[in-house]
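Raw data-v2.cif, mmCIF, C-alpha atoms:
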data_target
#
loop_
_atom_site.label_atom_id
_atom_site.label_comp_id
_atom_site.auth_asym_id
_atom_site.auth_seq_id
_atom_site.Cartn_x
_atom_site.Cartn_y
_atom_site.Cartn_z
CA MET A 1 24.61 109.42 52.27
CA ALA A 2 23.02 108.31 48.99
CA VAL A 3 19.82 110.03 47.97
CA GLU A 4 18.13 106.62 47.64
CA TRP A 5 18.03 106.33 51.44
CA TYR A 6 15.95 109.49 51.70
CA LEU A 7 13.60 108.29 48.97
CA VAL A 8 13.07 104.92 50.66
CA LEU A 9 12.42 106.68 53.97
CA SER A 10 9.94 108.93 52.18
CA ALA A 11 8.16 105.87 50.75
CA LEU A 12 8.01 104.33 54.23
CA LEU A 13 6.53 107.50 55.74
CA PHE A 14 3.97 107.74 52.92
CA ALA A 15 2.91 104.12 53.47
CA THR A 16 2.54 104.83 57.20
CA GLY A 17 0.25 107.76 56.37
CA VAL A 18 -1.85 105.59 54.04
CA ALA A 19 -2.21 102.93 56.75
CA GLY A 20 -3.30 105.62 59.21
CA VAL A 21 -5.98 107.01 56.89
CA LEU A 22 -7.35 103.50 56.38
CA ILE A 23 -7.25 102.41 60.04
CA ARG A 24 -8.31 105.45 62.06
CA ARG A 25 -11.86 106.81 62.22
CA SER A 26 -11.43 110.17 63.89
CA PRO A 27 -11.36 113.00 61.30
CA LEU A 28 -8.71 114.79 63.35
CA VAL A 29 -6.31 111.84 63.17
CA ILE A 30 -7.08 111.38 59.47
CA LEU A 31 -5.98 114.98 58.91
CA LEU A 32 -2.78 114.20 60.82
CA CYS A 33 -2.17 111.22 58.53
CA LEU A 34 -2.67 113.45 55.49
CA GLU A 35 0.07 115.65 56.94
CA LEU A 36 2.30 112.58 57.17
CA MET A 37 1.78 111.86 53.47
CA LEU A 38 2.38 115.48 52.42
CA ASN A 39 5.58 115.58 54.45
CA ALA A 40 6.77 112.33 52.88
CA GLY A 41 6.26 114.00 49.50
CA ASN A 42 8.19 117.03 50.73
CA LEU A 43 11.11 114.84 51.78
CA ALA A 44 11.23 113.27 48.33
CA LEU A 45 11.11 116.70 46.65
CA VAL A 46 13.96 118.05 48.78
CA ALA A 47 15.98 114.86 48.20
CA PHE A 48 15.60 115.20 44.42
CA SER A 49 16.56 118.85 44.72
CA ARG A 50 19.78 117.78 46.48
CA SER A 51 20.43 115.10 43.88
CA ASN A 52 20.07 117.56 40.99
CA GLY A 53 21.92 120.41 42.67
CA ASN A 54 18.94 122.62 41.86
CA GLU A 55 16.85 124.60 44.33
CA GLU A 56 13.55 124.33 42.47
CA GLY A 57 12.55 121.23 44.41
CA GLN A 58 12.80 123.23 47.61
CA VAL A 59 10.43 125.84 46.16
CA PHE A 60 8.00 123.01 45.38
CA ALA A 61 8.30 121.80 48.98
CA LEU A 62 7.48 125.27 50.29
CA ILE A 63 4.39 125.49 48.05
CA VAL A 64 3.32 122.05 49.31
CA MET A 65 3.61 123.41 52.86
CA VAL A 66 1.32 126.33 51.92
CA VAL A 67 -1.25 123.95 50.46
CA ALA A 68 -1.00 121.74 53.56
CA ALA A 69 -1.62 124.75 55.80
CA CYS A 70 -4.75 125.64 53.78
CA GLU A 71 -5.99 122.05 53.97
CA VAL A 72 -5.46 122.03 57.74
CA VAL A 73 -7.35 125.30 58.21
CA VAL A 74 -10.36 124.16 56.21
CA GLY A 75 -10.32 120.65 57.71
CA LEU A 76 -10.14 121.90 61.27
CA GLY A 77 -12.92 124.38 60.50
CA LEU A 78 -15.07 121.46 59.33
CA ILE A 79 -14.26 119.48 62.48
CA VAL A 80 -15.20 122.40 64.72
CA ALA A 81 -18.45 122.88 62.77
CA MET A 82 -19.24 119.15 63.13
CA TYR A 83 -18.58 119.32 66.86
CA ARG A 84 -20.84 122.37 67.27
CA ARG A 85 -23.71 120.59 65.52
CA ARG A 86 -23.22 117.54 67.75
CA LEU A 87 -22.46 115.31 64.78
CA PRO A 88 -20.45 112.18 65.59
CA LEU A 89 -16.72 112.68 65.05
CA ASN A 90 -16.37 109.38 63.26
CA VAL A 91 -16.00 109.10 59.50
CA ASP A 92 -17.99 105.86 59.38
CA ASP A 93 -21.05 107.44 60.96
CA LEU A 94 -20.98 110.41 58.59
CA ARG A 95 -22.43 108.71 55.56
CA GLY A 96 -25.11 111.20 54.58
CA LEU A 97 -23.62 111.75 51.12
CA ARG A 98 -23.38 108.05 50.31
CA GLY A 99 -25.63 107.09 47.43
CA MET B 1 28.84 111.52 61.04
CA VAL B 2 26.26 112.24 58.33
CA GLU B 3 25.09 108.64 58.56
CA VAL B 4 24.53 108.91 62.30
CA ALA B 5 22.57 112.15 61.85
CA PHE B 6 20.50 110.56 59.07
CA PHE B 7 19.59 107.51 61.12
CA VAL B 8 18.74 109.59 64.20
CA GLY B 9 16.46 111.78 62.05
CA ALA B 10 14.97 108.78 60.26
CA ILE B 11 14.21 106.97 63.51
CA GLY B 12 12.62 110.13 64.93
CA ALA B 13 10.52 110.69 61.81
CA LEU B 14 9.41 107.06 61.54
CA GLY B 15 8.75 106.70 65.27
CA GLY B 16 6.70 109.90 65.22
CA ALA B 17 4.72 108.70 62.21
CA ILE B 18 3.96 105.31 63.75
CA SER B 19 3.00 106.96 67.05
CA VAL B 20 0.57 109.24 65.19
CA ILE B 21 -1.40 106.29 63.88
CA ALA B 22 -0.95 104.02 66.94
CA LEU B 23 -1.80 106.28 69.89
CA ARG B 24 -5.47 106.23 70.82
CA ASN B 25 -5.71 109.75 72.24
CA PRO B 26 -5.76 112.37 69.42
CA PHE B 27 -3.90 114.82 71.67
CA TYR B 28 -0.91 112.49 71.92
CA SER B 29 -1.11 111.90 68.15
CA VAL B 30 -0.67 115.64 67.61
CA LEU B 31 2.35 115.69 69.92
CA ALA B 32 3.84 112.71 68.07
CA LEU B 33 3.42 114.62 64.81
CA VAL B 34 5.49 117.46 66.29
CA VAL B 35 8.33 114.97 66.93
CA HIS B 36 7.96 113.74 63.34
CA LEU B 37 8.10 117.27 61.90
CA VAL B 38 11.16 118.33 63.92
CA SER B 39 13.01 115.15 62.86
CA LEU B 40 12.12 115.88 59.24
CA ALA B 41 13.51 119.40 59.65
CA GLY B 42 16.80 117.80 60.70
CA LEU B 43 16.76 115.64 57.57
CA PHE B 44 16.12 118.75 55.45
CA LEU B 45 19.20 120.33 56.99
CA LEU B 46 21.22 117.27 55.93
CA LEU B 47 19.91 117.82 52.39
CA TYR B 48 21.16 121.45 52.35
CA ALA B 49 17.63 122.87 52.56
CA GLN B 50 18.20 125.39 55.34
CA PHE B 51 15.28 127.65 54.54
CA VAL B 52 12.82 124.77 54.14
CA ALA B 53 13.98 123.34 57.48
CA ALA B 54 13.47 126.69 59.22
CA ALA B 55 10.04 127.11 57.63
CA GLN B 56 9.16 123.56 58.66
CA VAL B 57 9.94 124.28 62.32
CA VAL B 58 8.40 127.77 62.43
CA VAL B 59 5.33 127.28 60.25
CA TYR B 60 4.54 123.61 60.77
CA ALA B 61 5.81 122.54 64.17
CA GLY B 62 5.01 126.00 65.51
CA ALA B 63 1.87 127.51 64.02
CA VAL B 64 -0.04 124.63 62.43
CA MET B 65 0.51 122.30 65.36
CA VAL B 66 -0.77 124.94 67.82
CA LEU B 67 -3.96 125.00 65.76
CA TYR B 68 -4.19 121.21 65.98
CA VAL B 69 -3.58 121.24 69.74
CA PHE B 70 -6.35 123.79 70.24
CA VAL B 71 -8.85 121.81 68.19
CA ALA B 72 -7.87 118.51 69.86
CA ALA B 73 -8.41 120.13 73.27
CA TYR B 74 -11.70 121.71 72.14
CA VAL B 75 -13.16 118.56 70.64
CA GLY B 76 -11.75 116.28 73.34
CA GLY B 77 -10.46 112.76 73.05
CA ALA B 78 -13.26 110.75 71.50
CA GLU B 79 -12.86 107.02 71.92
CA GLU B 80 -12.99 105.20 68.63
CA PRO B 81 -15.40 102.29 68.52
CA LEU B 82 -14.02 98.84 67.88
CA TRP B 83 -16.86 98.10 65.50
CA GLU B 84 -15.61 97.71 61.92
CA PRO B 85 -17.81 98.54 58.93
CA ILE B 86 -15.63 96.41 56.66
CA PRO B 87 -14.63 93.07 58.23
CA GLY B 88 -10.88 92.73 58.67
CA GLN B 89 -10.17 96.39 57.85
CA ARG B 90 -7.58 96.70 60.61
CA LEU B 91 -5.74 93.69 59.21
CA LEU B 92 -5.99 94.56 55.53
CA ALA B 93 -4.95 98.22 55.83
CA PRO B 94 -1.38 97.53 57.05
CA LEU B 95 -1.04 94.86 54.35
CA LEU B 96 -2.00 97.41 51.70
CA ALA B 97 0.43 99.94 53.18
CA ALA B 98 3.23 97.34 53.14
CA ALA B 99 2.45 96.50 49.51
CA LEU B 100 2.56 100.20 48.64
CA PHE B 101 5.91 100.57 50.38
CA VAL B 102 7.36 97.61 48.48
CA GLU B 103 6.10 99.01 45.18
CA LEU B 104 7.52 102.47 45.85
CA SER B 105 10.84 100.97 46.93
CA ILE B 106 11.05 98.89 43.78
CA ALA B 107 10.31 102.02 41.76
CA VAL B 108 13.03 103.99 43.59
CA LEU B 109 15.72 101.33 43.77
CA GLY B 110 15.09 99.79 40.35
CA THR B 111 15.15 103.08 38.50
CA ALA B 112 17.61 103.82 35.73
CA LEU B 113 18.45 107.17 37.34
CA THR B 114 21.99 106.33 38.37
CA ALA B 115 22.45 109.73 40.05
CA LEU B 116 20.27 108.51 42.93
CA GLY B 117 22.95 106.06 44.03
CA ASP B 118 25.41 108.72 45.21
CA GLU B 119 24.97 111.76 47.37
CA GLY B 120 24.71 114.32 44.62
CA PRO B 121 26.97 117.14 43.46
CA THR B 122 29.10 119.18 45.82
CA LEU B 123 27.16 122.29 46.70
CA GLY B 124 28.19 125.75 47.81
CA ALA B 125 27.23 127.27 51.13
CA SER B 126 24.58 129.45 49.50
CA PHE B 127 22.54 126.46 48.28
CA GLY B 128 19.05 126.63 49.74
CA ASP B 129 19.56 129.79 51.77
CA PRO B 130 16.75 132.37 52.02
CA ALA B 131 18.33 134.68 49.43
CA SER B 132 18.41 132.12 46.62
CA ILE B 133 14.98 130.68 47.49
CA GLY B 134 13.52 134.19 47.55
CA GLU B 135 15.08 134.98 44.22
CA LEU B 136 13.49 131.89 42.68
CA PHE B 137 10.12 132.76 44.21
CA LEU B 138 10.14 136.32 42.93
CA GLU B 139 11.48 135.59 39.48
CA ARG B 140 10.85 132.14 38.14
CA PHE B 141 7.90 131.12 40.34
CA LEU B 142 6.21 134.49 40.77
CA ILE B 143 2.79 133.26 39.63
CA ALA B 144 2.90 130.26 41.97
CA PHE B 145 3.90 132.59 44.80
CA GLU B 146 0.99 134.93 44.18
CA ALA B 147 -1.40 132.01 43.75
CA ALA B 148 -0.23 130.64 47.11
CA SER B 149 -1.01 133.93 48.82
CA LEU B 150 -4.46 134.01 47.23
CA LEU B 151 -5.04 130.38 48.31
CA LEU B 152 -4.11 131.24 51.91
CA LEU B 153 -6.56 134.15 51.89
CA ILE B 154 -9.36 131.96 50.53
CA ALA B 155 -8.61 129.26 53.12
CA ALA B 156 -8.72 131.80 55.97
CA VAL B 157 -12.08 133.17 54.77
CA GLY B 158 -13.39 129.63 54.27
CA ALA B 159 -12.42 128.58 57.79
CA VAL B 160 -14.23 131.59 59.27
CA VAL B 161 -17.33 130.83 57.19
CA LEU B 162 -17.27 127.13 58.15
CA ALA B 163 -16.55 127.38 61.85
CA GLY B 164 -17.94 130.80 62.72
CA ARG B 165 -21.07 131.16 64.83
CA ARG B 166 -24.15 132.12 62.84
CA ARG B 167 -26.81 133.53 65.17
CA GLU B 168 -29.57 133.88 62.58
CA ALA B 169 -29.04 130.33 61.36
CA SER B 170 -29.22 128.81 64.84
CA ASP B 171 -32.30 130.90 65.73
CA GLY B 172 -34.17 130.20 62.53
CA GLY B 173 -33.24 126.52 62.62
#
Write the structure described by the file as structure tokens, please.
Amino acid sequence: MAVEWYLVLSALLFATGVAGVLIRRSPLVILLCLELMLNAGNLALVAFSRSNGNEEGQVFALIVMVVAACEVVVGLGLIVAMYRRRLPLNVDDLRGLRG
Amino acid sequence: MVEVAFFVGAIGALGGAISVIALRNPFYSVLALVVHLVSLAGLFLLLYAQFVAAAQVVVYAGAVMVLYVFVAAYVGGAEEPLWEPIPGQRLLAPLLAAALFVELSIAVLGTALTALGDEGPTLGASFGDPASIGELFLERFLIAFEAASLLLLIAAVGAVVLAGRRREASDGG
């Protein structure tokens, strides 16, 4: 199986994540779409690691997973805080910081 | 055989990804993401990344998704309004995503890196196993490893500060 196939699949998954971030309004689903994009990046990193016969890409993928876990923890904390304060869970209604 | 496994994994990953953005209930979106992550773990196994695949299933599909399920159940399935702040957003967004996919594919397929056209060098059985990954982490990438642990600590403290109950704040207004 040529490595190109994995890279094209990774591009497809990344584009799906981008479409999700642009279409959906719920912050929870937007976080899920960010996960999709990070995982597409991981797939590309692991595919390049296979292509080079070098494990460093896999180390990069593991670090990306750590960063994704941190992002999830902080994002979900924000969502819970928004829910407690009875703010609307809709990114279009949360425009208090817009100039 | 490898081709069949690749296409099964690819269909699972892509179907999971499309379900995440297409299902209206956030709870089902989370479950679709679990399908996506497990399929990706299968693809990692095909790429000789055993340890990354195991970490993907244990850390991601296990721990992180449990967190998502709890929050989705806590917040509840909020219906998204059909009102659009930007006219035609639902039509333009998939177009942009398709354009991005075409661009990335041109970049990947039109590259001068000829090594991408074959399946890479023959690798030994120890490629990507926990011992070699751990050796890289503790020797070459020691600073990144320590920074990752510090980042996890900061994220845990930040989540407690953000989501924790503050009695004085709610009393004082």
Picked residues, the PyMOL selection byres ((chain A and resi 26) around 7), expected as a compact mmCIF listing (two decimals) with C-alpha atoms, keeping the file's coordinate frame:
# COMPACT_ATOMS: atom_id res chain seq x y z
CA ARG A 24 -8.31 105.45 62.06
CA ARG A 25 -11.86 106.81 62.22
CA PRO A 27 -11.36 113.00 61.30
CA LEU A 28 -8.71 114.79 63.35
CA VAL A 29 -6.31 111.84 63.17
CA ILE A 30 -7.08 111.38 59.47
CA LEU A 89 -16.72 112.68 65.05
CA ASN A 90 -16.37 109.38 63.26
CA VAL A 91 -16.00 109.10 59.50
Within 8 Å of chain B: each chain A residue with its shortest pair, only C-alpha atoms, as JSON lines:
{"residue": "A:Met1", "atom": "CA", "partner": "B:Glu119", "partner_atom": "CA", "distance": 5.4}
{"residue": "A:Ala2", "atom": "CA", "partner": "B:Glu119", "partner_atom": "CA", "distance": 4.3}
{"residue": "A:Val3", "atom": "CA", "partner": "B:Leu116", "partner_atom": "CA", "distance": 5.3}
{"residue": "A:Glu4", "atom": "CA", "partner": "B:Leu116", "partner_atom": "CA", "distance": 5.5}
{"residue": "A:Leu7", "atom": "CA", "partner": "B:Val108", "partner_atom": "CA", "distance": 6.9}
{"residue": "A:Val8", "atom": "CA", "partner": "B:Ser105", "partner_atom": "CA", "distance": 5.9}
{"residue": "A:Leu9", "atom": "CA", "partner": "B:Ala10", "partner_atom": "CA", "distance": 7.1}
{"residue": "A:Ala11", "atom": "CA", "partner": "B:Phe101", "partner_atom": "CA", "distance": 5.8}
{"residue": "A:Leu12", "atom": "CA", "partner": "B:Phe101", "partner_atom": "CA", "distance": 5.8}
{"residue": "A:Leu13", "atom": "CA", "partner": "B:Leu14", "partner_atom": "CA", "distance": 6.5}
{"residue": "A:Phe14", "atom": "CA", "partner": "B:Phe101", "partner_atom": "CA", "distance": 7.9}
{"residue": "A:Ala15", "atom": "CA", "partner": "B:Ala97", "partner_atom": "CA", "distance": 4.9}
{"residue": "A:Thr16", "atom": "CA", "partner": "B:Ala97", "partner_atom": "CA", "distance": 6.7}
{"residue": "A:Gly17", "atom": "CA", "partner": "B:Ala17", "partner_atom": "CA", "distance": 7.4}
{"residue": "A:Val18", "atom": "CA", "partner": "B:Ala97", "partner_atom": "CA", "distance": 6.2}
{"residue": "A:Ala19", "atom": "CA", "partner": "B:Ala97", "partner_atom": "CA", "distance": 5.4}
{"residue": "A:Gly20", "atom": "CA", "partner": "B:Ile21", "partner_atom": "CA", "distance": 5.1}
{"residue": "A:Leu22", "atom": "CA", "partner": "B:Ala93", "partner_atom": "CA", "distance": 5.8}
{"residue": "A:Ile23", "atom": "CA", "partner": "B:Arg90", "partner_atom": "CA", "distance": 5.7}
{"residue": "A:Arg24", "atom": "CA", "partner": "B:Ile21", "partner_atom": "CA", "distance": 7.2}
{"residue": "A:Arg25", "atom": "CA", "partner": "B:Glu80", "partner_atom": "CA", "distance": 6.7}
{"residue": "A:Ser26", "atom": "CA", "partner": "B:Glu80", "partner_atom": "CA", "distance": 7.0}
{"residue": "A:Leu28", "atom": "CA", "partner": "B:Pro26", "partner_atom": "CA", "distance": 7.2}
{"residue": "A:Val29", "atom": "CA", "partner": "B:Pro26", "partner_atom": "CA", "distance": 6.3}
{"residue": "A:Leu32", "atom": "CA", "partner": "B:Val30", "partner_atom": "CA", "distance": 7.3}
{"residue": "A:Cys33", "atom": "CA", "partner": "B:Ile21", "partner_atom": "CA", "distance": 7.3}
{"residue": "A:Leu36", "atom": "CA", "partner": "B:Ala17", "partner_atom": "CA", "distance": 6.8}
{"residue": "A:Leu43", "atom": "CA", "partner": "B:Phe44", "partner_atom": "CA", "distance": 7.3}
{"residue": "A:Val46", "atom": "CA", "partner": "B:Leu47", "partner_atom": "CA", "distance": 7.0}
{"residue": "A:Ala47", "atom": "CA", "partner": "B:Leu47", "partner_atom": "CA", "distance": 6.5}
{"residue": "A:Arg50", "atom": "CA", "partner": "B:Leu47", "partner_atom": "CA", "distance": 5.9}
{"residue": "A:Ser51", "atom": "CA", "partner": "B:Gly120", "partner_atom": "CA", "distance": 4.4}
{"residue": "A:Asn52", "atom": "CA", "partner": "B:Gly120", "partner_atom": "CA", "distance": 6.7}
{"residue": "A:Gly53", "atom": "CA", "partner": "B:Pro121", "partner_atom": "CA", "distance": 6.1}
{"residue": "A:Glu55", "atom": "CA", "partner": "B:Gly128", "partner_atom": "CA", "distance": 6.2}
{"residue": "A:Glu56", "atom": "CA", "partner": "B:Leu136", "partner_atom": "CA", "distance": 7.6}
{"residue": "A:Gln58", "atom": "CA", "partner": "B:Val52", "partner_atom": "CA", "distance": 6.7}
{"residue": "A:Val59", "atom": "CA", "partner": "B:Ile133", "partner_atom": "CA", "distance": 6.8}
{"residue": "A:Ala61", "atom": "CA", "partner": "B:Val52", "partner_atom": "CA", "distance": 7.5}
{"residue": "A:Leu62", "atom": "CA", "partner": "B:Val52", "partner_atom": "CA", "distance": 6.6}
{"residue": "A:Ile63", "atom": "CA", "partner": "B:Ala148", "partner_atom": "CA", "distance": 7.0}
{"residue": "A:Met65", "atom": "CA", "partner": "B:Tyr60", "partner_atom": "CA", "distance": 8.0}
{"residue": "A:Val66", "atom": "CA", "partner": "B:Ala148", "partner_atom": "CA", "distance": 6.6}
{"residue": "A:Val67", "atom": "CA", "partner": "B:Ala148", "partner_atom": "CA", "distance": 7.6}
{"residue": "A:Ala69", "atom": "CA", "partner": "B:Val64", "partner_atom": "CA", "distance": 6.8}
{"residue": "A:Cys70", "atom": "CA", "partner": "B:Ala155", "partner_atom": "CA", "distance": 5.3}
{"residue": "A:Glu71", "atom": "CA", "partner": "B:Ala155", "partner_atom": "CA", "distance": 7.7}
{"residue": "A:Val72", "atom": "CA", "partner": "B:Val64", "partner_atom": "CA", "distance": 7.6}
{"residue": "A:Val73", "atom": "CA", "partner": "B:Ala159", "partner_atom": "CA", "distance": 6.1}
{"residue": "A:Val74", "atom": "CA", "partner": "B:Ala159", "partner_atom": "CA", "distance": 5.1}
{"residue": "A:Leu76", "atom": "CA", "partner": "B:Val71", "partner_atom": "CA", "distance": 7.0}
{"residue": "A:Gly77", "atom": "CA", "partner": "B:Ala163", "partner_atom": "CA", "distance": 4.9}
{"residue": "A:Leu78", "atom": "CA", "partner": "B:Leu162", "partner_atom": "CA", "distance": 6.2}
{"residue": "A:Val80", "atom": "CA", "partner": "B:Ala163", "partner_atom": "CA", "distance": 5.9}
{"residue": "A:Ala81", "atom": "CA", "partner": "B:Ala163", "partner_atom": "CA", "distance": 5.0}
{"residue": "A:Tyr83", "atom": "CA", "partner": "B:Val75", "partner_atom": "CA", "distance": 6.7}
{"residue": "A:Leu89", "atom": "CA", "partner": "B:Ala78", "partner_atom": "CA", "distance": 7.6}
{"residue": "A:Asn90", "atom": "CA", "partner": "B:Glu80", "partner_atom": "CA", "distance": 7.6}
{"residue": "A:Asp92", "atom": "CA", "partner": "B:Pro85", "partner_atom": "CA", "distance": 7.3}
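Taking atom CA of Ala68 of chain A and atom CA of Leu34 of chain A as the two end points, the separation is 8.7 Å.
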**OP:** Find the distance between atom CA of Leu31 of chain A and atom CA of Gly75 of chain A and write it in Å to one decimal.
**Re:** 7.2 Å
Original post:
Can you tell me how far atom CA of Leu31 of chain B sits from atom CA of Ser19 of chain B, in Å to one decimal?
Top reply: 9.2 Å
Some atoms are missing, so please complete segment 6-22 of chain A with N, CA and C atoms and return it as a PDB file, in the frame of the given file.
ATOM      1  N   TYR A   6      17.015 108.526  51.389  1.00  0.00           N
ATOM      2  CA  TYR A   6      15.950 109.490  51.700  1.00  0.00           C
ATOM      3  C   TYR A   6      14.665 109.115  50.974  1.00  0.00           C
ATOM      4  N   LEU A   7      14.806 108.625  49.730  1.00  0.00           N
ATOM      5  CA  LEU A   7      13.600 108.290  48.970  1.00  0.00           C
ATOM      6  C   LEU A   7      12.906 107.080  49.576  1.00  0.00           C
ATOM      7  N   VAL A   8      13.692 106.092  50.036  1.00  0.00           N
ATOM      8  CA  VAL A   8      13.070 104.920  50.660  1.00  0.00           C
ATOM      9  C   VAL A   8      12.398 105.318  51.971  1.00  0.00           C
ATOM     10  N   LEU A   9      13.041 106.201  52.737  1.00  0.00           N
ATOM     11  CA  LEU A   9      12.420 106.680  53.970  1.00  0.00           C
ATOM     12  C   LEU A   9      11.119 107.416  53.656  1.00  0.00           C
ATOM     13  N   SER A  10      11.142 108.204  52.577  1.00  0.00           N
ATOM     14  CA  SER A  10       9.940 108.930  52.180  1.00  0.00           C
ATOM     15  C   SER A  10       8.821 107.953  51.810  1.00  0.00           C
ATOM     16  N   ALA A  11       9.164 106.873  51.089  1.00  0.00           N
ATOM     17  CA  ALA A  11       8.160 105.870  50.750  1.00  0.00           C
ATOM     18  C   ALA A  11       7.589 105.227  52.003  1.00  0.00           C
ATOM     19  N   LEU A  12       8.459 104.960  52.983  1.00  0.00           N
ATOM     20  CA  LEU A  12       8.010 104.330  54.230  1.00  0.00           C
ATOM     21  C   LEU A  12       7.059 105.254  54.980  1.00  0.00           C
ATOM     22  N   LEU A  13       7.397 106.553  55.038  1.00  0.00           N
ATOM     23  CA  LEU A  13       6.530 107.500  55.740  1.00  0.00           C
ATOM     24  C   LEU A  13       5.186 107.634  55.019  1.00  0.00           C
ATOM     25  N   PHE A  14       5.229 107.637  53.684  1.00  0.00           N
ATOM     26  CA  PHE A  14       3.970 107.740  52.920  1.00  0.00           C
ATOM     27  C   PHE A  14       3.091 106.529  53.192  1.00  0.00           C
ATOM     28  N   ALA A  15       3.701 105.326  53.213  1.00  0.00           N
ATOM     29  CA  ALA A  15       2.910 104.120  53.470  1.00  0.00           C
ATOM     30  C   ALA A  15       2.322 104.157  54.871  1.00  0.00           C
ATOM     31  N   THR A  16       3.074 104.702  55.840  1.00  0.00           N
ATOM     32  CA  THR A  16       2.540 104.830  57.200  1.00  0.00           C
ATOM     33  C   THR A  16       1.303 105.736  57.192  1.00  0.00           C
ATOM     34  N   GLY A  17       1.394 106.853  56.449  1.00  0.00           N
ATOM     35  CA  GLY A  17       0.250 107.760  56.370  1.00  0.00           C
ATOM     36  C   GLY A  17      -0.958 107.082  55.747  1.00  0.00           C
ATOM     37  N   VAL A  18      -0.733 106.298  54.691  1.00  0.00           N
ATOM     38  CA  VAL A  18      -1.850 105.590  54.040  1.00  0.00           C
ATOM     39  C   VAL A  18      -2.491 104.630  55.028  1.00  0.00           C
ATOM     40  N   ALA A  19      -1.666 103.882  55.766  1.00  0.00           N
ATOM     41  CA  ALA A  19      -2.210 102.930  56.750  1.00  0.00           C
ATOM     42  C   ALA A  19      -3.039 103.684  57.786  1.00  0.00           C
ATOM     43  N   GLY A  20      -2.559 104.854  58.210  1.00  0.00           N
ATOM     44  CA  GLY A  20      -3.300 105.620  59.210  1.00  0.00           C
ATOM     45  C   GLY A  20      -4.650 106.073  58.692  1.00  0.00           C
ATOM     46  N   VAL A  21      -4.698 106.563  57.450  1.00  0.00           N
ATOM     47  CA  VAL A  21      -5.980 107.010  56.890  1.00  0.00           C
ATOM     48  C   VAL A  21      -6.954 105.844  56.835  1.00  0.00           C
ATOM     49  N   LEU A  22      -6.443 104.636  56.518  1.00  0.00           N
ATOM     50  CA  LEU A  22      -7.350 103.500  56.380  1.00  0.00           C
ATOM     51  C   LEU A  22      -7.783 102.951  57.737  1.00  0.00           C
TER      52      LEU A  22
END
